[in-house]
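S.K.: Handing you a structure now.
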Amino acid sequence: MGMKRPIAVFDSGEGGLTVLKQARELYPGEDFLYVCDSLHFPYGHRSLAEVRGFFLAILGFLLEREPKAVVIACNTATAAALEEAQRQSPVPVIGVIEPGVQAALKATRNHKVGVLATEATSRAGIYSRALKARDPEMTVIERPCPLLVVMAESGLIDGDACRHTVGSCLAGVLAQGVDTVVLGCTHFPHMQMVFEEMVRGRAKLIDPGLETAKIMSGILPQLSRTRGGGLQFYTTGDPLEVARVARQLWPQQELEALPLHWRGMTVIDPSRLHT
Ligand code: DGL
C-alpha cells in the first residue's frame with residue numbers, strides 16, 4: 001500500500017486529528033495511518049465494554065498493516081481498552097491518558113485539577129484514580145462535556161455557540177478552584193483558541209494529545225524528523241462527509257478519506273476484497 005510500517009492513530013471520530021497533527025509536526029518523516037470509527041461515533045455515551053469491543057476489532061485491522069506502534073488518540077477508548085490492547089499487540093500501544101496525567105501533575109500548584117471529558121471517561125474515573133495515586137493531596141473535578149464533542153465533530157470550533165459551551169464547561173470546574181484543566185477528550189483541542197480565550201489565564205490548559213506526541217520519541221526511538229512522510233485516512237463512516245469536516249478542522253493538510261466496512265465485529269478494507 002505504499003507505506004512502510006506506519007504509526008497507526010485511532011479515534012472514534014475526528015478528535016484524534018489533534019493528536020495526529022502534533023505527531024506529524026514532530027515526526028514529519030514518519031508514515032501515519034489514521035482510522036476513525038465514525039459509524040459508531042460518539043463513543044462517549046456507550047459502556048466501556050462496548051467501546052472495548054469496537055476498538056479491539058479495529059486493532060485487528062491496524063495490526064494487519066504492521067504498524068510501528070498504535071496510538072489510541074481517544075481518551076474514551078484508552079480508558080476502555082488500553083490494557084487489553086497492550087496484551088494483544090506485538091507493537092507498542094500508546095494511550096493519551098497517562099501523558100495527560102503526568103503533565104497535569106507537573107502543572108498544578110494547588111493540587112486541584114479539572115478534567116473535561118466524555119461521559120464514559122468521566123464515569124470510568126480513570127483520571128481521578130491516576131492523579132490521586134500519584135498525589136494523595138489531589139482533588140479532581142471531572143466533568144462530562146458531550147455537546148463539545150458533537151460540535152467539534154461537525155466542524156464547529158469557533159463562534160458564539162462554541163464560546164458559550166466551552167465557557168459553561170470551564171465554569172463548572174473553575175468554580176471549584178482548579179488551577180489546571182485537562183482537555184480529556186481529543187476533540188477539545190480543536191477548540192484550543194476558544195479554550196484559551198475563555199479561561200483567561202485562570203488555569204493552565206493541558207492537551208494530553210500533545211503530551212502523547214512528545215513522549216512517542218521515547219517509546220519509539222529514531223522517529224524521522226525529516227519531511228516526506230505519508231498519511232492515509234480511513235473511516236467506517238461516509239468518507240466524503242468525514243473528509244469534508246477534516247479539511248475544516250485541519251485546513252493546512254490535504255485529506256481524502258477511504259472507506260472501511262464493519263462485517264459483524266470485523267473491520268474490512270473493501271479495496272482489498274477480491275469478490
Ligand atoms: N475523542 C474521544 C475522546 O477522546 C471520544 C469522543 C466520543 O466518541 O464521544 O474521548
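We label chains A, B, ... in the order they appear in the C-alpha cells, count residues from 1 in each chain, and number ligands from 1 in the order shown.
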Check every protein, DNA and RNA residue against ligand 1, keep those with an atom at most 10 Å away (counting only C-alpha atoms and all ligand atoms), and present them as a PyMOL selection string.

M.R.: chain A and resi 10-19+36-38+40-46+51+72-79+96-97+116-122+145-150+152-153+183-189+208-209

S.K.: Extract the full set of strand (DSSP E or B) residues from stretch 61-273 of chain A according to DSSP on the backbone, and format it as a VMD selection string.

M.R.: chain A and resid 69 to 72 93 to 95 112 to 117 139 to 144 180 to 183 204 to 206 231 to 235 258 to 259 261 to 263 266 to 268

S.K.: Find the residues near A:Gln232: any atom within 9 Å, counting only C-alpha atoms, skip ones fewer than 3 places away on the same chain, and give them as a list in words.

M.R.: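 That gives Met3, Asp31, Phe32, Leu33, Tyr34, Val35, Leu255, Glu256, Ala257 and Leu258 of chain A.
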
S.K.: Let's have the selection written as a PDB file, in the first residue's frame, with C-alpha atoms.

M.R.:
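Now in result_28.pdb:
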```pdb
ATOM      1  CA  MET A   3       3.557   2.710   3.331  1.00  0.00           C
ATOM      2  CA  ASP A  31       4.109   7.481   7.647  1.00  0.00           C
ATOM      3  CA  PHE A  32       0.822   7.745   9.519  1.00  0.00           C
ATOM      4  CA  LEU A  33      -2.383   5.755   9.226  1.00  0.00           C
ATOM      5  CA  TYR A  34      -5.451   7.437  10.741  1.00  0.00           C
ATOM      6  CA  VAL A  35      -8.576   5.400  11.368  1.00  0.00           C
ATOM      7  CA  LEU A 255      -7.076  14.976   3.274  1.00  0.00           C
ATOM      8  CA  GLU A 256      -9.012  12.311   1.433  1.00  0.00           C
ATOM      9  CA  ALA A 257     -10.735   9.540   3.360  1.00  0.00           C
ATOM     10  CA  LEU A 258     -11.061   5.892   2.343  1.00  0.00           C
TER      11      LEU A 258
END
```

S.K.: Go through A:Leu26, A:Ala104, A:Val242, A:Ala81 and flag the residue nearest A:Ala49, using only C-alpha atoms for the distances.

M.R.: A:Ala81

S.K.: So how many Å separate atom CA of A:Leu82 and atom CA of A:Phe61, to one decimal?

M.R.: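 Interatomic distance here is 16.2 Å.
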
S.K.: Find the spatial neighbours of A:Lys4, counting only C-alpha atoms, within a cut-off of 12 Å - ignore same-chain residues fewer than 2 positions away - and output them as a list of chain:residue names.

M.R.: A:Met1, A:Gly2, A:Pro6, A:Ile7, A:Ala8, A:Gly29, A:Glu30, A:Asp31, A:Phe32, A:Leu33, A:Arg65, A:Glu66, A:Pro67, A:Lys68, A:Gly229, A:Gly230, A:Leu231, A:Gln232

S.K.: Print the selection's residues with C-alpha atoms to a file, as a tab-separated table (two decimals), in the first residue's frame.

M.R.:
```tsv
chain	number	residue	atom	x	y	z
A	1	MET	CA	0.00	0.00	0.00
A	2	GLY	CA	2.99	2.30	-0.40
A	6	PRO	CA	3.23	3.42	9.64
A	7	ILE	CA	2.28	4.77	13.03
A	8	ALA	CA	-1.42	3.96	13.42
A	29	GLY	CA	9.25	11.81	8.09
A	30	GLU	CA	7.00	9.08	9.51
A	31	ASP	CA	4.11	7.48	7.65
A	32	PHE	CA	0.82	7.74	9.52
A	33	LEU	CA	-2.38	5.75	9.23
A	65	ARG	CA	-0.87	-3.13	8.40
A	66	GLU	CA	2.19	-3.94	10.55
A	67	PRO	CA	2.47	-0.56	12.23
A	68	LYS	CA	5.43	0.57	14.34
A	229	GLY	CA	6.10	11.02	5.43
A	230	GLY	CA	2.72	9.94	4.06
A	231	LEU	CA	-0.75	9.90	5.54
A	232	GLN	CA	-3.62	7.51	4.90
```
